[in-house]
Amino acid sequence: MHVYGIPFINSLRHITLILNARDSIVLIMVKLMKLTVINDNEPNPPLLNDWGWSVLIETDKWTLLYDADTEPRIMEHNINALSINLREVDAAFLSHYHADHYGGFRYIGEVKRGLIVYVPEEDRILAKWGLTPIIVNSPREILDDAAATGVMRGMGVNEHSLVVKLSNYGLVVIVGCSHPGIDNIVKRVHELFGNIYLVIGGFHEPSRRQIDAVAEYSKYVCPAHCSGNEAKDYVKAHYPGKYCEVKTGTRLNLPIT
Ligand SMILES: [Zn+2]
Ligand SMILES: [Zn+2]
């Protein structure tokens, strides 16, 4: 694992320069990626669930916990039931300071003391629970081939999202609740980082226009958490080839084959 100090955009610009100079250069990127949904609003017994969002992201380079649901006991139960080994988690990421995303970090702090958590603004609770919050407010690489979008503000909330470069396929974007607007997030990622392969997370009951924007920019669209059934049905009906279903316990191997 490498924690980067260089702004991601600068390294990307550098890569572009190399590409212009030598067409055939092969970039080393994340080749395989597995997402395991620890909790989503959509139930899947016998796993427990509630209103919240938490995903484990495993790659050939690192393992990261993205958000941590509302309830410590649900995190504990599902992590055990899904045979997740927290000892293998290198770092965590908090999309924003709402309890349905940070509540379960209380359990993570008990079992993985000192774990680094990339947060969008000044810490409110995680340090008290024994974790190590690191504020990332502008776009930058935080792990090999993974970057934070930088803070975007919407509905009075400071939120950031995670972008992972998947070799030969494009970017995988993981969002929390999309308070800044899922269309705005996707456009910003496209502008700053390039082509998007898949977007997953809470879209916050988006309008059809917002969903159309996501579908325009991304090969796969995976509405979860606070997206709402209307949004899911719209993607299913209008973009059946792009839709992927998410519920508690979903395991998604990327690239999709
Ligand atoms: Zn929220
Ligand atoms: Zn939420």
# chains A, B, ... in the order shown; residues from 1 in each chain; ligands from 1
>>> select_by_dssp(residues="region 92-194 of chain A", states="strand (DSSP E)", output="number ranges by chain")
A: 92-93, 116-119, 132-135, 140-143, 146-148, 152-154, 157-159, 162-166, 170-175
>>> residues_around(residues="Ala215 (chain A)", least_positions_apart="5", cutoff="10 Å", atoms="only C-alpha atoms", output="PyMOL selection string")
chain A and resi 183+186+198-199+209-210+220-221+235+238-239+242-243
>>> residues_near_ligand(ligand="ligand 1", cutoff="8 Å", atoms="only C-alpha atoms and all ligand atoms", output="list in words")
His96, Tyr97, His98, Ala99, Asp100, His101, Val157, Gly176, Cys177, Ser178 and His179 of chain A
>>> closest_atom_pairs(of="chain A", to="ligand 2", cutoff="12 Å", atoms="only C-alpha atoms and all ligand atoms", output="Markdown table")
| residue | atom | partner | partner_atom_place_in_ligand_line | distance |
| --- | --- | --- | --- | --- |
| A:Asn39 | CA | ligand 2 | 1 (Zn) | 11.4 |
| A:Asp40 | CA | ligand 2 | 1 (Zn) | 9.7 |
| A:Asn41 | CA | ligand 2 | 1 (Zn) | 9.4 |
| A:Asp50 | CA | ligand 2 | 1 (Zn) | 11.1 |
| A:Trp51 | CA | ligand 2 | 1 (Zn) | 7.6 |
| A:Gly52 | CA | ligand 2 | 1 (Zn) | 5.8 |
| A:Trp53 | CA | ligand 2 | 1 (Zn) | 6.6 |
| A:Ser54 | CA | ligand 2 | 1 (Zn) | 9.9 |
| A:Asp67 | CA | ligand 2 | 1 (Zn) | 9.6 |
| A:Ala68 | CA | ligand 2 | 1 (Zn) | 10.5 |
| A:Asp69 | CA | ligand 2 | 1 (Zn) | 8.5 |
| A:Thr70 | CA | ligand 2 | 1 (Zn) | 9.2 |
| A:Leu94 | CA | ligand 2 | 1 (Zn) | 11.1 |
| A:Ser95 | CA | ligand 2 | 1 (Zn) | 9.2 |
| A:His96 | CA | ligand 2 | 1 (Zn) | 8.6 |
| A:Tyr97 | CA | ligand 2 | 1 (Zn) | 9.4 |
| A:His98 | CA | ligand 2 | 1 (Zn) | 6.7 |
| A:Ala99 | CA | ligand 2 | 1 (Zn) | 7.9 |
| A:Asp100 | CA | ligand 2 | 1 (Zn) | 5.3 |
| A:His101 | CA | ligand 2 | 1 (Zn) | 6.0 |
| A:Tyr102 | CA | ligand 2 | 1 (Zn) | 9.6 |
| A:Gly103 | CA | ligand 2 | 1 (Zn) | 11.0 |
| A:Val157 | CA | ligand 2 | 1 (Zn) | 11.2 |
| A:Glu159 | CA | ligand 2 | 1 (Zn) | 10.8 |
| A:Val175 | CA | ligand 2 | 1 (Zn) | 9.7 |
| A:Gly176 | CA | ligand 2 | 1 (Zn) | 6.2 |
| A:Cys177 | CA | ligand 2 | 1 (Zn) | 4.6 |
| A:Ser178 | CA | ligand 2 | 1 (Zn) | 8.3 |
| A:His179 | CA | ligand 2 | 1 (Zn) | 8.8 |
| A:Gly201 | CA | ligand 2 | 1 (Zn) | 9.2 |
| A:Gly202 | CA | ligand 2 | 1 (Zn) | 6.6 |
| A:Phe203 | CA | ligand 2 | 1 (Zn) | 9.1 |
| A:His204 | CA | ligand 2 | 1 (Zn) | 7.8 |
| A:Glu205 | CA | ligand 2 | 1 (Zn) | 11.0 |
| A:Ala224 | CA | ligand 2 | 1 (Zn) | 9.9 |
| A:His225 | CA | ligand 2 | 1 (Zn) | 6.7 |
| A:Cys226 | CA | ligand 2 | 1 (Zn) | 6.0 |
| A:Ser227 | CA | ligand 2 | 1 (Zn) | 9.3 |
| A:Gly228 | CA | ligand 2 | 1 (Zn) | 11.5 |
>>> residues_around(residues="region 189-194 of chain A", least_positions_apart="2", cutoff="9 Å", atoms="only C-alpha atoms", output="ChimeraX atom specification")
/A:8-9,12,139,149,163,165,170-171,173,184-187,196,217
>>> select_by_dssp(residues="region 166-247 of chain A", states="helix (DSSP H, G or I)", output="ChimeraX atom specification")
/A:182-193,208-217,225-227,229-238
>>> write_last_selection(atoms="N, CA and C atoms", output="compact mmCIF listing (two decimals), in the first residue's frame")
# COMPACT_ATOMS: atom_id res chain seq x y z
N ILE A 182 -25.84 13.24 -8.09
CA ILE A 182 -25.09 12.16 -8.74
C ILE A 182 -24.62 12.59 -10.14
N ASP A 183 -25.43 13.41 -10.82
CA ASP A 183 -25.02 13.90 -12.15
C ASP A 183 -23.78 14.78 -12.04
N ASN A 184 -23.75 15.65 -11.02
CA ASN A 184 -22.59 16.53 -10.83
C ASN A 184 -21.33 15.73 -10.48
N ILE A 185 -21.49 14.70 -9.65
CA ILE A 185 -20.35 13.87 -9.27
C ILE A 185 -19.76 13.19 -10.50
N VAL A 186 -20.65 12.59 -11.28
CA VAL A 186 -20.20 11.84 -12.46
C VAL A 186 -19.52 12.77 -13.47
N LYS A 187 -20.08 13.96 -13.64
CA LYS A 187 -19.47 14.91 -14.59
C LYS A 187 -18.09 15.34 -14.09
N ARG A 188 -17.98 15.56 -12.80
CA ARG A 188 -16.68 15.97 -12.25
C ARG A 188 -15.64 14.86 -12.41
N VAL A 189 -16.04 13.64 -12.13
CA VAL A 189 -15.11 12.51 -12.29
C VAL A 189 -14.67 12.40 -13.74
N HIS A 190 -15.62 12.52 -14.65
CA HIS A 190 -15.29 12.42 -16.08
C HIS A 190 -14.30 13.52 -16.48
N GLU A 191 -14.56 14.71 -15.99
CA GLU A 191 -13.70 15.86 -16.32
C GLU A 191 -12.28 15.69 -15.76
N LEU A 192 -12.22 15.27 -14.51
CA LEU A 192 -10.91 15.22 -13.82
C LEU A 192 -10.13 13.95 -14.12
N PHE A 193 -10.84 12.84 -14.26
CA PHE A 193 -10.13 11.55 -14.28
C PHE A 193 -10.30 10.73 -15.56
N ARG A 208 -35.04 11.81 -13.31
CA ARG A 208 -34.75 11.05 -14.54
C ARG A 208 -33.62 11.71 -15.32
N ARG A 209 -33.62 13.02 -15.30
CA ARG A 209 -32.56 13.75 -16.00
C ARG A 209 -31.19 13.43 -15.40
N GLN A 210 -31.16 13.34 -14.09
CA GLN A 210 -29.89 13.00 -13.43
C GLN A 210 -29.45 11.58 -13.77
N ILE A 211 -30.40 10.66 -13.80
CA ILE A 211 -30.07 9.27 -14.15
C ILE A 211 -29.57 9.19 -15.60
N ASP A 212 -30.23 9.94 -16.47
CA ASP A 212 -29.79 9.95 -17.88
C ASP A 212 -28.34 10.40 -17.98
N ALA A 213 -27.96 11.39 -17.15
CA ALA A 213 -26.57 11.87 -17.17
C ALA A 213 -25.61 10.78 -16.72
N VAL A 214 -25.98 10.07 -15.68
CA VAL A 214 -25.12 8.97 -15.19
C VAL A 214 -24.97 7.93 -16.30
N ALA A 215 -26.09 7.57 -16.92
CA ALA A 215 -26.06 6.54 -17.96
C ALA A 215 -25.24 6.99 -19.17
N GLU A 216 -25.27 8.29 -19.43
CA GLU A 216 -24.50 8.82 -20.56
C GLU A 216 -22.99 8.66 -20.33
N TYR A 217 -22.57 8.82 -19.08
CA TYR A 217 -21.14 8.82 -18.79
C TYR A 217 -20.60 7.45 -18.37
N HIS A 225 -28.48 1.85 -1.82
CA HIS A 225 -28.72 2.67 -0.63
C HIS A 225 -29.94 3.59 -0.81
N CYS A 226 -29.74 4.91 -0.86
CA CYS A 226 -30.85 5.87 -0.86
C CYS A 226 -31.36 6.20 -2.26
N SER A 227 -31.03 5.38 -3.26
CA SER A 227 -31.43 5.70 -4.63
C SER A 227 -32.95 5.65 -4.81
N ASN A 229 -36.61 2.98 -5.24
CA ASN A 229 -37.07 2.00 -6.24
C ASN A 229 -37.41 2.64 -7.58
N GLU A 230 -37.88 3.89 -7.53
CA GLU A 230 -38.23 4.57 -8.77
C GLU A 230 -36.99 4.70 -9.67
N ALA A 231 -35.88 5.07 -9.05
CA ALA A 231 -34.63 5.23 -9.81
C ALA A 231 -34.16 3.87 -10.35
N LYS A 232 -34.25 2.85 -9.50
CA LYS A 232 -33.83 1.51 -9.94
C LYS A 232 -34.69 1.06 -11.12
N ASP A 233 -36.02 1.24 -10.99
CA ASP A 233 -36.93 0.82 -12.07
C ASP A 233 -36.65 1.59 -13.35
N TYR A 234 -36.32 2.86 -13.21
CA TYR A 234 -36.04 3.67 -14.41
C TYR A 234 -34.79 3.16 -15.13
N VAL A 235 -33.74 2.88 -14.36
CA VAL A 235 -32.50 2.37 -14.99
C VAL A 235 -32.78 1.02 -15.65
N LYS A 236 -33.49 0.15 -14.92
CA LYS A 236 -33.82 -1.18 -15.44
C LYS A 236 -34.58 -1.07 -16.77
N ALA A 237 -35.56 -0.17 -16.81
CA ALA A 237 -36.43 -0.06 -17.98
C ALA A 237 -35.72 0.64 -19.16
N HIS A 238 -34.96 1.68 -18.85
CA HIS A 238 -34.40 2.50 -19.93
C HIS A 238 -32.97 2.13 -20.30
>>> residues_around(residues="Ile256 (chain A)", least_positions_apart="4", cutoff="10 Å", atoms="only C-alpha atoms", output="PDB file with C-alpha atoms, in the first residue's frame")
ATOM      1  CA  MET A  33     -11.575  -5.639  -8.159  1.00  0.00           C
ATOM      2  CA  TYR A 169     -11.892  -0.734 -18.586  1.00  0.00           C
ATOM      3  CA  TYR A 197     -16.846   2.076 -16.278  1.00  0.00           C
ATOM      4  CA  LEU A 198     -19.231   1.709 -13.348  1.00  0.00           C
ATOM      5  CA  TYR A 220     -22.700   0.290 -15.817  1.00  0.00           C
ATOM      6  CA  CYS A 244     -26.752  -3.983 -12.003  1.00  0.00           C
ATOM      7  CA  LEU A 252     -19.553  -7.874  -7.614  1.00  0.00           C
TER       8      LEU A 252
END
>>> atom_distance(atom1="CA of Thr250 (chain A)", atom2="CA of Ile79 (chain A)")
12.7 Å
>>> atom_distance(atom1="CA of Pro43 (chain A)", atom2="CA of Val246 (chain A)")
9.9 Å
>>> closest_residue(among="A:Met75, A:Ala146, A:Ala81, A:Leu48", to="Val111 (chain A)", atoms="only C-alpha atoms")
A:Met75
